[in-house]
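Colleague: entry_6.tsv is reproduced in full below (TSV, C-alpha atoms and all ligand atoms).
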chain	number	residue	atom	x	y	z
A	7	SER	CA	34.55	14.22	16.51
A	8	THR	CA	31.57	13.43	14.33
A	9	GLY	CA	30.86	17.08	13.80
A	10	ASP	CA	34.38	17.75	12.53
A	11	SER	CA	34.31	14.95	10.01
A	12	ASP	CA	30.94	16.18	8.82
A	13	ARG	CA	32.33	19.63	8.31
A	14	MET	CA	35.22	18.30	6.27
A	15	THR	CA	32.82	16.82	3.74
A	16	PRO	CA	33.32	18.35	0.30
A	17	ARG	CA	30.27	20.49	-0.46
A	18	LEU	CA	30.38	20.38	-4.24
A	19	GLU	CA	28.78	16.98	-4.71
A	20	SER	CA	25.02	16.70	-5.02
A	21	VAL	CA	23.11	15.67	-1.95
A	22	GLU	CA	22.36	12.22	-3.35
A	23	GLU	CA	25.96	11.62	-4.29
A	24	ARG	CA	27.14	12.73	-0.95
A	25	GLU	CA	24.72	10.53	0.93
A	26	SER	CA	25.50	7.46	-1.10
A	27	ASN	CA	29.24	8.04	-0.81
A	28	MET	CA	29.26	9.03	2.77
A	29	TRP	CA	26.92	6.95	4.66
A	30	PRO	CA	28.61	3.54	4.91
A	31	ARG	CA	31.71	5.14	6.39
A	32	GLN	CA	29.94	7.78	8.42
A	33	ASN	CA	26.90	5.86	9.44
A	34	SER	CA	27.83	4.52	12.83
A	35	LEU	CA	29.44	7.76	13.93
A	36	SER	CA	26.89	10.21	12.70
A	37	LEU	CA	23.99	8.10	13.86
A	38	LYS	CA	25.13	8.26	17.45
A	39	GLU	CA	24.00	11.82	17.93
A	40	TRP	CA	20.48	10.80	16.91
A	41	ASP	CA	20.32	7.88	19.28
A	42	ILE	CA	17.90	8.40	22.15
A	43	PRO	CA	18.17	5.92	25.02
A	44	PHE	CA	14.71	4.44	25.41
A	45	ASP	CA	14.74	5.20	29.13
A	46	ASP	CA	15.15	8.92	28.44
A	47	LEU	CA	11.69	9.00	26.92
A	48	ASN	CA	8.60	9.59	28.95
A	49	ILE	CA	6.02	7.45	27.26
A	50	GLY	CA	2.41	8.57	27.67
A	51	THR	CA	-0.85	7.31	26.27
A	52	MET	CA	-1.13	5.36	23.07
A	53	ILE	CA	-2.39	7.38	20.11
A	54	GLY	CA	-2.95	4.50	17.79
A	55	ARG	CA	-1.78	1.34	16.21
A	56	GLY	CA	-0.54	0.97	12.67
A	57	ARG	CA	0.70	-1.85	10.53
A	58	PHE	CA	4.16	-1.84	11.95
A	59	GLY	CA	3.83	-0.81	15.55
A	60	ARG	CA	2.21	1.54	17.96
A	61	VAL	CA	2.39	5.30	18.30
A	62	PHE	CA	2.49	6.94	21.73
A	63	ARG	CA	2.40	10.44	23.04
A	64	GLY	CA	5.69	11.09	24.70
A	65	ASN	CA	7.86	13.67	26.29
A	66	TRP	CA	11.47	14.24	25.34
A	67	HIS	CA	12.40	17.88	25.84
A	68	GLY	CA	8.79	18.64	24.97
A	69	ASP	CA	5.88	16.84	23.34
A	70	VAL	CA	6.86	14.16	20.87
A	71	ALA	CA	5.31	11.22	19.04
A	72	VAL	CA	7.05	7.90	19.65
A	73	LYS	CA	6.57	5.16	17.10
A	74	ILE	CA	7.57	1.88	18.73
A	75	LEU	CA	8.20	-0.78	16.14
A	76	ASN	CA	6.55	-4.12	16.38
A	77	PRO	CA	8.81	-6.54	18.31
A	78	ASP	CA	8.36	-9.24	15.64
A	79	PHE	CA	10.60	-7.10	13.60
A	80	LEU	CA	13.55	-7.79	15.86
A	81	HIS	CA	14.04	-11.38	14.86
A	82	ASP	CA	15.68	-10.28	11.69
A	83	GLU	CA	19.13	-8.72	11.75
A	84	HIS	CA	18.59	-7.26	8.31
A	85	ALA	CA	15.56	-5.46	9.62
A	86	ILE	CA	17.63	-3.73	12.27
A	87	GLU	CA	20.23	-2.71	9.71
A	88	ALA	CA	17.44	-1.50	7.43
A	89	PHE	CA	16.03	0.48	10.33
A	90	LYS	CA	19.36	2.20	10.95
A	91	LEU	CA	19.62	2.99	7.28
A	92	GLU	CA	16.22	4.67	7.42
A	93	VAL	CA	17.32	6.67	10.42
A	94	ALA	CA	20.38	7.80	8.49
A	95	ILE	CA	18.00	9.07	5.81
A	96	PHE	CA	15.52	10.76	8.16
A	97	LYS	CA	18.13	12.75	9.96
A	98	ASN	CA	18.73	14.75	6.80
A	99	THR	CA	15.19	15.91	6.24
A	100	ARG	CA	14.17	19.44	7.13
A	101	HIS	CA	11.15	20.90	5.45
A	102	GLU	CA	8.12	22.72	6.77
A	103	ASN	CA	5.76	20.17	5.26
A	104	LEU	CA	7.57	17.15	6.69
A	105	VAL	CA	7.27	15.85	10.22
A	106	LEU	CA	10.35	16.75	12.24
A	107	PHE	CA	12.55	13.76	12.93
A	108	MET	CA	14.10	14.14	16.39
A	109	GLY	CA	15.91	10.88	16.91
A	110	ALA	CA	15.50	7.16	17.34
A	111	CYS	CA	15.96	4.43	19.89
A	112	MET	CA	18.29	2.14	18.04
A	113	LYS	CA	19.15	-0.42	20.66
A	114	PRO	CA	17.24	-3.69	20.26
A	115	PRO	CA	14.84	-4.80	21.62
A	116	ARG	CA	13.53	-1.24	21.77
A	117	LEU	CA	13.38	0.27	18.32
A	118	ALA	CA	11.47	3.50	18.11
A	119	ILE	CA	11.30	6.65	16.05
A	120	VAL	CA	10.81	9.97	17.78
A	121	THR	CA	9.24	12.81	15.81
A	122	SER	CA	7.43	16.00	16.58
A	123	MET	CA	3.85	15.54	17.62
A	124	CYS	CA	1.44	16.49	14.84
A	125	LYS	CA	-1.52	18.55	15.90
A	126	GLY	CA	-4.81	18.54	14.08
A	127	ASN	CA	-6.19	15.62	12.12
A	128	THR	CA	-5.01	13.54	9.24
A	129	LEU	CA	-6.50	14.16	5.81
A	130	TYR	CA	-7.99	10.68	6.17
A	131	THR	CA	-9.90	11.77	9.28
A	132	HIS	CA	-11.02	15.01	7.65
A	133	ILE	CA	-12.18	13.42	4.43
A	134	HIS	CA	-13.49	10.00	5.41
A	135	LEU	CA	-14.47	10.23	9.08
A	136	ARG	CA	-15.55	13.82	9.57
A	137	ARG	CA	-16.68	14.14	5.95
A	138	ASP	CA	-15.30	17.67	5.83
A	139	LYS	CA	-15.69	19.43	2.50
A	140	PHE	CA	-12.89	21.64	1.24
A	141	ASN	CA	-13.50	24.15	-1.51
A	142	LEU	CA	-11.22	24.08	-4.54
A	143	ASN	CA	-8.98	26.84	-3.22
A	144	LYS	CA	-8.32	25.01	0.02
A	145	THR	CA	-7.97	21.67	-1.78
A	146	THR	CA	-5.40	23.21	-4.09
A	147	LEU	CA	-3.45	24.77	-1.24
A	148	ILE	CA	-3.32	21.40	0.52
A	149	ALA	CA	-2.18	19.63	-2.64
A	150	GLN	CA	0.46	22.28	-3.31
A	151	GLN	CA	1.97	21.78	0.12
A	152	ILE	CA	2.01	18.01	-0.36
A	153	ALA	CA	3.76	18.58	-3.70
A	154	GLN	CA	6.34	20.83	-2.05
A	155	GLY	CA	7.17	18.39	0.74
A	156	MET	CA	7.33	15.52	-1.74
A	157	GLY	CA	9.45	17.52	-4.18
A	158	TYR	CA	11.92	18.10	-1.38
A	159	LEU	CA	12.00	14.41	-0.39
A	160	HIS	CA	12.56	13.36	-3.99
A	161	ARG	CA	15.28	15.94	-4.40
A	162	ARG	CA	17.03	14.22	-1.51
A	163	GLY	CA	16.61	10.87	-3.20
A	164	ILE	CA	13.93	9.65	-0.78
A	165	VAL	CA	10.91	7.77	-2.12
A	166	HIS	CA	8.01	7.98	0.33
A	167	ARG	CA	6.49	4.56	-0.54
A	168	ASP	CA	3.45	5.05	1.67
A	169	LEU	CA	1.98	8.37	0.63
A	170	LYS	CA	-1.68	8.32	1.65
A	171	SER	CA	-4.23	10.46	3.42
A	172	LYS	CA	-3.53	8.68	6.73
A	173	ASN	CA	0.06	9.88	6.61
A	174	ILE	CA	-0.75	13.54	6.01
A	175	PHE	CA	-1.73	15.84	8.86
A	176	LEU	CA	-3.43	19.18	8.54
A	177	GLU	CA	-2.34	21.54	11.30
A	178	ASN	CA	-4.57	24.56	10.83
A	179	GLU	CA	-3.81	25.32	7.20
A	180	LYS	CA	-0.47	23.58	7.14
A	181	VAL	CA	0.27	20.16	5.68
A	182	ILE	CA	2.66	17.82	7.52
A	183	ILE	CA	3.72	14.60	5.78
A	184	THR	CA	4.72	11.65	7.98
A	185	ASP	CA	6.09	8.11	7.63
A	186	PHE	CA	8.30	8.67	4.60
A	187	GLY	CA	10.59	5.79	3.75
A	188	LEU	CA	9.32	3.65	6.59
A	189	PHE	CA	7.57	1.16	4.38
A	190	SER	CA	10.84	-0.37	3.26
A	191	VAL	CA	11.56	-1.33	6.84
A	192	THR	CA	8.08	-2.27	7.79
A	193	LYS	CA	7.42	-4.51	4.83
A	194	LEU	CA	9.57	-6.99	6.70
A	195	VAL	CA	7.03	-7.25	9.46
A	196	TYR	CA	4.09	-6.84	7.20
A	197	ASP	CA	1.27	-8.77	8.70
A	198	CYS	CA	-1.29	-9.52	6.07
A	199	ASP	CA	-4.93	-9.77	6.95
A	200	THR	CA	-6.14	-10.83	3.53
A	201	GLY	CA	-4.66	-13.48	1.28
A	202	LEU	CA	-2.94	-10.82	-0.73
A	203	GLY	CA	-1.76	-8.88	2.27
A	204	ILE	CA	-3.69	-5.80	1.29
A	205	PRO	CA	-5.15	-3.75	4.10
A	206	PHE	CA	-8.21	-1.69	3.34
A	207	GLY	CA	-7.45	1.66	1.83
A	208	TRP	CA	-4.00	0.83	0.58
A	209	LEU	CA	-4.65	-0.58	-2.85
A	210	CYS	CA	-5.93	2.64	-4.37
A	211	TYR	CA	-2.51	4.24	-3.89
A	212	LEU	CA	-0.60	1.53	-5.71
A	213	ALA	CA	0.56	2.30	-9.23
A	214	PRO	CA	-0.02	-0.33	-11.96
A	215	GLU	CA	3.60	-1.51	-11.85
A	216	LEU	CA	3.22	-2.17	-8.11
A	217	ILE	CA	-0.16	-3.83	-8.53
A	218	ARG	CA	1.28	-6.11	-11.16
A	219	ASN	CA	3.99	-7.13	-8.75
A	220	LEU	CA	1.68	-8.12	-5.91
A	221	LYS	CA	2.04	-11.83	-5.41
A	222	PRO	CA	-0.34	-13.93	-3.34
A	223	ASP	CA	2.53	-16.28	-2.56
A	224	ARG	CA	4.68	-13.43	-1.36
A	225	PRO	CA	2.42	-11.91	1.24
A	226	LYS	CA	4.96	-9.54	2.69
A	227	ASN	CA	5.35	-8.00	-0.73
A	228	GLU	CA	8.99	-7.28	-0.34
A	229	ASP	CA	10.77	-5.68	-3.25
A	230	LEU	CA	7.78	-3.89	-4.67
A	231	PRO	CA	9.28	-1.50	-7.23
A	232	PHE	CA	8.47	1.80	-5.49
A	233	THR	CA	9.79	4.85	-7.33
A	234	LYS	CA	9.31	8.59	-7.41
A	235	ALA	CA	6.73	7.92	-10.12
A	236	SER	CA	4.78	5.54	-7.89
A	237	ASP	CA	4.66	8.34	-5.29
A	238	ALA	CA	3.18	10.58	-8.00
A	239	TYR	CA	0.49	7.96	-8.64
A	240	ALA	CA	-0.37	7.93	-4.93
A	241	PHE	CA	-0.56	11.71	-4.99
A	242	GLY	CA	-3.17	11.41	-7.73
A	243	SER	CA	-5.30	9.25	-5.46
A	244	ILE	CA	-5.03	11.81	-2.67
A	245	TRP	CA	-6.04	14.58	-5.10
A	246	TYR	CA	-9.07	12.44	-5.95
A	247	GLU	CA	-9.93	11.92	-2.28
A	248	LEU	CA	-9.72	15.67	-1.70
A	249	LEU	CA	-11.99	16.38	-4.67
A	250	CYS	CA	-14.54	13.62	-4.22
A	251	GLY	CA	-14.49	12.81	-0.52
A	252	GLU	CA	-14.07	9.12	-1.37
A	253	PHE	CA	-11.31	6.66	-2.17
A	254	PRO	CA	-10.89	5.80	-5.84
A	255	PHE	CA	-12.49	2.41	-6.58
A	256	LYS	CA	-14.49	2.77	-3.41
A	257	SER	CA	-16.44	-0.34	-2.45
A	258	GLN	CA	-14.89	-2.52	-5.14
A	259	PRO	CA	-13.31	-5.78	-4.03
A	260	PRO	CA	-9.49	-5.90	-4.14
A	261	GLU	CA	-9.47	-8.42	-6.97
A	262	ALA	CA	-11.51	-6.09	-9.18
A	263	VAL	CA	-9.22	-3.14	-8.46
A	264	ILE	CA	-6.13	-5.23	-9.16
A	265	TRP	CA	-7.59	-6.49	-12.41
A	266	GLN	CA	-8.52	-3.01	-13.62
A	267	VAL	CA	-5.48	-1.03	-12.50
A	268	GLY	CA	-3.09	-3.69	-13.71
A	269	ARG	CA	-4.60	-3.25	-17.18
A	270	GLY	CA	-4.41	0.51	-17.17
A	271	MET	CA	-7.98	1.33	-16.25
A	272	LYS	CA	-8.72	4.23	-14.00
A	273	GLN	CA	-11.45	5.34	-11.68
A	274	SER	CA	-14.14	6.99	-13.76
A	275	LEU	CA	-14.36	10.76	-13.44
A	276	ALA	CA	-17.71	10.96	-15.22
A	277	ASN	CA	-19.47	12.27	-12.17
A	278	LEU	CA	-16.77	14.51	-10.85
A	279	GLN	CA	-17.82	18.05	-11.58
A	280	ALA	CA	-14.54	19.76	-11.98
A	281	SER	CA	-12.70	21.61	-14.71
A	282	ARG	CA	-10.59	19.86	-17.30
A	283	ASP	CA	-7.39	21.19	-15.63
A	284	VAL	CA	-8.38	19.59	-12.35
A	285	LYS	CA	-9.15	16.23	-13.98
A	286	ASP	CA	-5.99	16.39	-16.10
A	287	ILE	CA	-3.93	16.31	-12.91
A	288	LEU	CA	-5.60	13.05	-11.93
A	289	MET	CA	-5.06	11.53	-15.35
A	290	MET	CA	-1.40	12.56	-15.48
A	291	CYS	CA	-0.66	11.15	-12.03
A	292	TRP	CA	-2.53	7.95	-12.84
A	293	SER	CA	-0.70	7.42	-16.15
A	294	PHE	CA	-0.12	3.74	-16.79
A	295	GLN	CA	3.46	4.38	-17.86
A	296	ALA	CA	5.53	5.59	-14.93
A	297	ASP	CA	7.50	7.91	-17.26
A	298	ASP	CA	4.34	9.75	-18.23
A	299	ARG	CA	3.62	10.83	-14.67
A	300	PRO	CA	4.61	14.35	-13.65
A	301	ASP	CA	7.21	15.04	-11.00
A	302	PHE	CA	6.27	17.05	-7.94
A	303	ASN	CA	7.81	20.27	-9.20
A	304	GLN	CA	5.61	20.06	-12.29
A	305	LEU	CA	2.63	19.22	-10.11
A	306	PHE	CA	3.26	22.22	-7.91
A	307	THR	CA	3.38	24.54	-10.90
A	308	THR	CA	0.26	23.01	-12.44
A	309	LEU	CA	-1.62	23.37	-9.17
A	310	GLU	CA	-0.46	26.94	-8.76
A	311	ARG	CA	-1.90	27.79	-12.18
A	312	LEU	CA	-5.37	26.42	-11.46
A	313	PRO	CA	-7.95	29.15	-11.63
A	314	LYS	CA	-8.98	30.08	-8.12
A	315	LYS	CA	-12.64	29.32	-7.97
A	316	ARG	CA	-15.03	27.09	-6.10
A	317	LEU	CA	-15.55	23.47	-7.01
A	318	ALA	CA	-19.06	22.97	-8.33
A	319	ARG	CA	-20.20	20.17	-6.09
A	320	SER	CA	-23.27	19.84	-4.01
A	321	PRO	CA	-22.25	18.86	-0.48
A	322	SER	CA	-25.53	17.15	0.24
A	323	HIS	CA	-25.34	14.79	-2.73
A	324	PRO	CA	-22.26	12.62	-2.70
A	325	ILE	CA	-21.04	11.90	-6.18
A	326	GLN	CA	-22.28	8.65	-7.60
A	327	LEU	CA	-19.33	7.10	-9.31
A	328	SER	CA	-19.70	5.06	-12.39
A	329	ARG	CA	-18.63	1.50	-11.93
A	330	SER	CA	-17.61	1.27	-15.55
A	331	ALA	CA	-13.85	1.01	-15.64
A	332	GLU	CA	-13.71	1.83	-19.33
A	333	SER	CA	-15.32	5.22	-19.11
A	334	VAL	CA	-12.35	7.12	-17.93
A	335	PHE	CA	-13.84	10.56	-18.40
B	401	LIG	P1	-1.19	2.40	8.58
B	401	LIG	O1	-1.03	1.34	9.58
B	401	LIG	O2	-2.08	2.02	7.46
B	401	LIG	O3	0.12	2.97	8.09
B	401	LIG	P2	-1.47	4.81	10.11
B	401	LIG	O4	-0.63	5.70	9.24
B	401	LIG	O5	-2.68	5.47	10.71
B	401	LIG	O6	-2.00	3.58	9.27
B	401	LIG	P3	0.59	4.77	12.10
B	401	LIG	O7	1.43	5.62	11.21
B	401	LIG	O8	1.24	3.67	12.83
B	401	LIG	O9	-0.60	4.13	11.24
B	401	LIG	O10	-0.13	5.73	13.14
B	401	LIG	C1	-0.89	5.25	14.24
B	401	LIG	C2	-1.67	6.43	14.82
B	401	LIG	O11	-0.78	7.43	15.32
B	401	LIG	C3	-2.55	7.14	13.79
B	401	LIG	O12	-3.73	7.54	14.42
B	401	LIG	C4	-1.73	8.33	13.40
B	401	LIG	O13	-2.55	9.40	12.96
B	401	LIG	C5	-1.01	8.68	14.70
B	401	LIG	N1	0.28	9.33	14.46
B	401	LIG	C6	1.31	8.84	13.74
B	401	LIG	N2	2.35	9.69	13.73
B	401	LIG	C7	1.97	10.78	14.45
B	401	LIG	C8	2.59	12.04	14.81
B	401	LIG	N3	3.83	12.35	14.42
B	401	LIG	N4	1.87	12.89	15.56
B	401	LIG	C9	0.61	12.60	15.96
B	401	LIG	N5	-0.03	11.44	15.68
B	401	LIG	C10	0.64	10.54	14.93
B	402	MG	MG	1.20	6.55	9.48
So, in terms of structure tokens, how does the structure I just supplied come out?
Modeller:
Amino acid sequence: STGDSDRMTPRLESVEERESNMWPRQNSLSLKEWDIPFDDLNIGTMIGRGRFGRVFRGNWHGDVAVKILNPDFLHDEHAIEAFKLEVAIFKNTRHENLVLFMGACMKPPRLAIVTSMCKGNTLYTHIHLRRDKFNLNKTTLIAQQIAQGMGYLHRRGIVHRDLKSKNIFLENEKVIITDFGLFSVTKLVYDCDTGLGIPFGWLCYLAPELIRNLKPDRPKNEDLPFTKASDAYAFGSIWYELLCGEFPFKSQPPEAVIWQVGRGMKQSLANLQASRDVKDILMMCWSFQADDRPDFNQLFTTLERLPKKRLARSPSHPIQLSRSAESVF
């Protein structure tokens, strides 16, 4: 049986080695146990629509979230293979700061991903819609949990590729990261609304090396060179959102952001009233050279060492950010 062959796997290899060696042979077998027949799901109301499909409340042995992929996606056989590859990756993720993968509907034309239902709101909703203010202690605790979940993903060789405040839920005090690895599948159905295929609120998470690879004539932006370091860049932008309550480069047109970030300019921090340690984290994550960015273990340690005190920021006066790209500090 599948279980037996799994158990016979040598345990001395690293996780990454094992996955890369094992999966082509094991894939079809070990995926079966994660396959959920679409008809077994009780689909409820729609929660929302994203770039690559729709998310529904559902019931499958309890409350679940069902992400039904856009049917356009099915025209491409590679896309279905890519989807199964993602499923093979998800099934090996277990961490308290990652959404729980429960299974997938893998039989075209119904491709769906079933995860636990996240309670609470996304960081995006907290920060940008409800305009909630978090003090520095809470901000740091949130960032530390993101760093832990991301450190775990990277340890397993998984690059998130779409780390952003919309993909992070806050359940009471607990951070839950969603949608890891999905971008590589969904890029294939990427439906661009602007000439460059850049939806609002995405650009500020893209590291310079990604920005420089955006091509107007390649609207689906396949093959963007996402790496662990580009995830670290995105984390920097989330840290900024948490601190400032705004997106970096807020209200600048995409062309201006592309021009600046591609040349190594950063959002000015002149009006962010925070300690040097807090700003250093932003600057490290936003390093132009990918190699200069910290990994998530380093980030966790740095965050842990931040002095526990309140962020000096007046809630009634949103920070006016300098438009000058040159004035980094
Ligand atoms: P984008 O299209 O830019 O990726 P998004 O992340 O909001 O934005 P989806 O991931 O498709 O798009 O999510 C659609 C909606 O479903 C959002 O409101 C999201 O918060 C919600 N959602 C997604 N996954 C879950 C989950 N596991 N539990 C609860 N709600 C979820
Ligand atoms: Mg999402």
Colleague: Give me the chain A side of the contact with ligand LIG 401 (chain B), cut-off 8 Å, one line per residue showing its nearest atom pair and distance in Å at one decimal, counting all atoms listed in the file, sorted by chain and residue number, as JSON lines.
Modeller:
{"residue": "A:Ile53", "atom": "CA", "partner": "B:LIG401", "partner_atom": "O11", "distance": 5.1}
{"residue": "A:Gly54", "atom": "CA", "partner": "B:LIG401", "partner_atom": "C2", "distance": 3.8}
{"residue": "A:Arg55", "atom": "CA", "partner": "B:LIG401", "partner_atom": "C1", "distance": 4.5}
{"residue": "A:Gly56", "atom": "CA", "partner": "B:LIG401", "partner_atom": "O1", "distance": 3.2}
{"residue": "A:Arg57", "atom": "CA", "partner": "B:LIG401", "partner_atom": "O1", "distance": 3.8}
{"residue": "A:Phe58", "atom": "CA", "partner": "B:LIG401", "partner_atom": "O8", "distance": 6.3}
{"residue": "A:Gly59", "atom": "CA", "partner": "B:LIG401", "partner_atom": "O8", "distance": 5.8}
{"residue": "A:Arg60", "atom": "CA", "partner": "B:LIG401", "partner_atom": "O8", "distance": 5.6}
{"residue": "A:Val61", "atom": "CA", "partner": "B:LIG401", "partner_atom": "O11", "distance": 4.8}
{"residue": "A:Phe62", "atom": "CA", "partner": "B:LIG401", "partner_atom": "O11", "distance": 7.2}
{"residue": "A:Arg63", "atom": "CA", "partner": "B:LIG401", "partner_atom": "C9", "distance": 7.6}
{"residue": "A:Val70", "atom": "CA", "partner": "B:LIG401", "partner_atom": "N3", "distance": 7.4}
{"residue": "A:Ala71", "atom": "CA", "partner": "B:LIG401", "partner_atom": "N3", "distance": 5.0}
{"residue": "A:Val72", "atom": "CA", "partner": "B:LIG401", "partner_atom": "N3", "distance": 7.6}
{"residue": "A:Lys73", "atom": "CA", "partner": "B:LIG401", "partner_atom": "O8", "distance": 7.0}
{"residue": "A:Val105", "atom": "CA", "partner": "B:LIG401", "partner_atom": "N3", "distance": 6.5}
{"residue": "A:Thr121", "atom": "CA", "partner": "B:LIG401", "partner_atom": "N3", "distance": 5.6}
{"residue": "A:Ser122", "atom": "CA", "partner": "B:LIG401", "partner_atom": "N3", "distance": 5.6}
{"residue": "A:Met123", "atom": "CA", "partner": "B:LIG401", "partner_atom": "N4", "distance": 3.9}
{"residue": "A:Cys124", "atom": "CA", "partner": "B:LIG401", "partner_atom": "N4", "distance": 3.7}
{"residue": "A:Lys125", "atom": "CA", "partner": "B:LIG401", "partner_atom": "C9", "distance": 6.3}
{"residue": "A:Asn127", "atom": "CA", "partner": "B:LIG401", "partner_atom": "O13", "distance": 7.3}
{"residue": "A:Thr128", "atom": "CA", "partner": "B:LIG401", "partner_atom": "O13", "distance": 6.1}
{"residue": "A:Asp168", "atom": "CA", "partner": "B:LIG401", "partner_atom": "O3", "distance": 7.5}
{"residue": "A:Lys172", "atom": "CA", "partner": "B:LIG401", "partner_atom": "O4", "distance": 4.9}
{"residue": "A:Asn173", "atom": "CA", "partner": "B:LIG401", "partner_atom": "O4", "distance": 5.0}
{"residue": "A:Phe175", "atom": "CA", "partner": "B:LIG401", "partner_atom": "O13", "distance": 7.7}
{"residue": "A:Thr184", "atom": "CA", "partner": "B:LIG401", "partner_atom": "N2", "distance": 6.5}
{"residue": "A:Asp185", "atom": "CA", "partner": "B:LIG401", "partner_atom": "O7", "distance": 6.4}
{"residue": "A:Pro205", "atom": "CA", "partner": "B:LIG401", "partner_atom": "O2", "distance": 7.3}
{"residue": "A:Gly207", "atom": "CA", "partner": "B:LIG401", "partner_atom": "O2", "distance": 7.8}
{"residue": "A:Trp208", "atom": "CA", "partner": "B:LIG401", "partner_atom": "O2", "distance": 7.2}
Colleague: Using all atoms listed in the file - which residues lie no farther than 8 Å from the point (-14.5, 18.8, -4.9) in the file's frame? Write them as a tab-separated table (two decimals) with C-alpha atoms, in the frame of the given file.
Modeller:
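Okay, this is what ended up in part_20.tsv:
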chain	number	residue	atom	x	y	z
A	139	LYS	CA	-15.69	19.43	2.50
A	140	PHE	CA	-12.89	21.64	1.24
A	141	ASN	CA	-13.50	24.15	-1.51
A	142	LEU	CA	-11.22	24.08	-4.54
A	145	THR	CA	-7.97	21.67	-1.78
A	248	LEU	CA	-9.72	15.67	-1.70
A	249	LEU	CA	-11.99	16.38	-4.67
A	250	CYS	CA	-14.54	13.62	-4.22
A	251	GLY	CA	-14.49	12.81	-0.52
A	278	LEU	CA	-16.77	14.51	-10.85
A	279	GLN	CA	-17.82	18.05	-11.58
A	280	ALA	CA	-14.54	19.76	-11.98
A	317	LEU	CA	-15.55	23.47	-7.01
A	318	ALA	CA	-19.06	22.97	-8.33
A	319	ARG	CA	-20.20	20.17	-6.09
Colleague: Grab the atom CA of A:Arg137 to atom CA of A:Gln150 distance for me, in Å with one decimal place.
Modeller: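 We find that atom CA of A:Arg137 and atom CA of A:Gln150 lie 21.1 Å from each other.
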Colleague: Please report the interatomic distance between atom CA of A:Ser243 and atom CA of A:Ile164 in Å with one decimal.
Modeller: 19.8 Å
Colleague: Just checking: using only C-alpha atoms and all ligand atoms, which residue out of A:Lys144, A:Pro300, A:Leu312, A:Leu129 ends up closest to ligand MG 402 (chain B)?
Modeller: A:Leu129
Colleague: Hey, can you check how far atom CA of A:Pro77 sits from atom CA of A:Met112?
Modeller: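 Going from atom CA of A:Pro77 over to atom CA of A:Met112, I get 12.9 Å.
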Colleague: Hey, which of A:Val93, A:Cys291, A:Leu275, A:Ile182 ends up closest to A:Gln154? Count all atoms listed in the file.
Modeller: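 Answer, going by the shortest atom-to-atom distance: A:Ile182.
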Colleague: Nearest to ligand MG 402 (chain B) among A:Arg269, A:Arg282, A:Lys170, A:Lys221, with distances taken over all atoms listed in the file: which residue is it?
Modeller: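 Closest residue, counting all atoms listed in the file: A:Lys170.
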Colleague: Closest to A:Ala296 among A:Glu102, A:Asp45, A:Glu310, A:Glu215, using all atoms listed in the file?
Modeller: A:Glu215
Colleague: Which residues are near A:Pro254? Cut-off 8 Å, only C-alpha atoms, ignore same chain within fewer than 6 positions. Put them as number ranges by chain.
Modeller: A: 210, 243, 246-247, 273
Colleague: Can you pull out the residues contacting A:Ala235? Cut-off 10 Å, using all atoms listed in the file, and skip same-chain residues under 6 positions away; I want them as a compact mmCIF listing (two decimals) with C-alpha atoms, in the frame of the given file.
Modeller:
# COMPACT_ATOMS: atom_id res chain seq x y z
CA VAL A 165 10.91 7.77 -2.12
CA ALA A 213 0.56 2.30 -9.23
CA PHE A 241 -0.56 11.71 -4.99
CA CYS A 291 -0.66 11.15 -12.03
CA TRP A 292 -2.53 7.95 -12.84
CA SER A 293 -0.70 7.42 -16.15
CA GLN A 295 3.46 4.38 -17.86
CA ALA A 296 5.53 5.59 -14.93
CA ASP A 297 7.50 7.91 -17.26
CA ASP A 298 4.34 9.75 -18.23
CA ARG A 299 3.62 10.83 -14.67
CA PRO A 300 4.61 14.35 -13.65
CA ASP A 301 7.21 15.04 -11.00
CA PHE A 302 6.27 17.05 -7.94
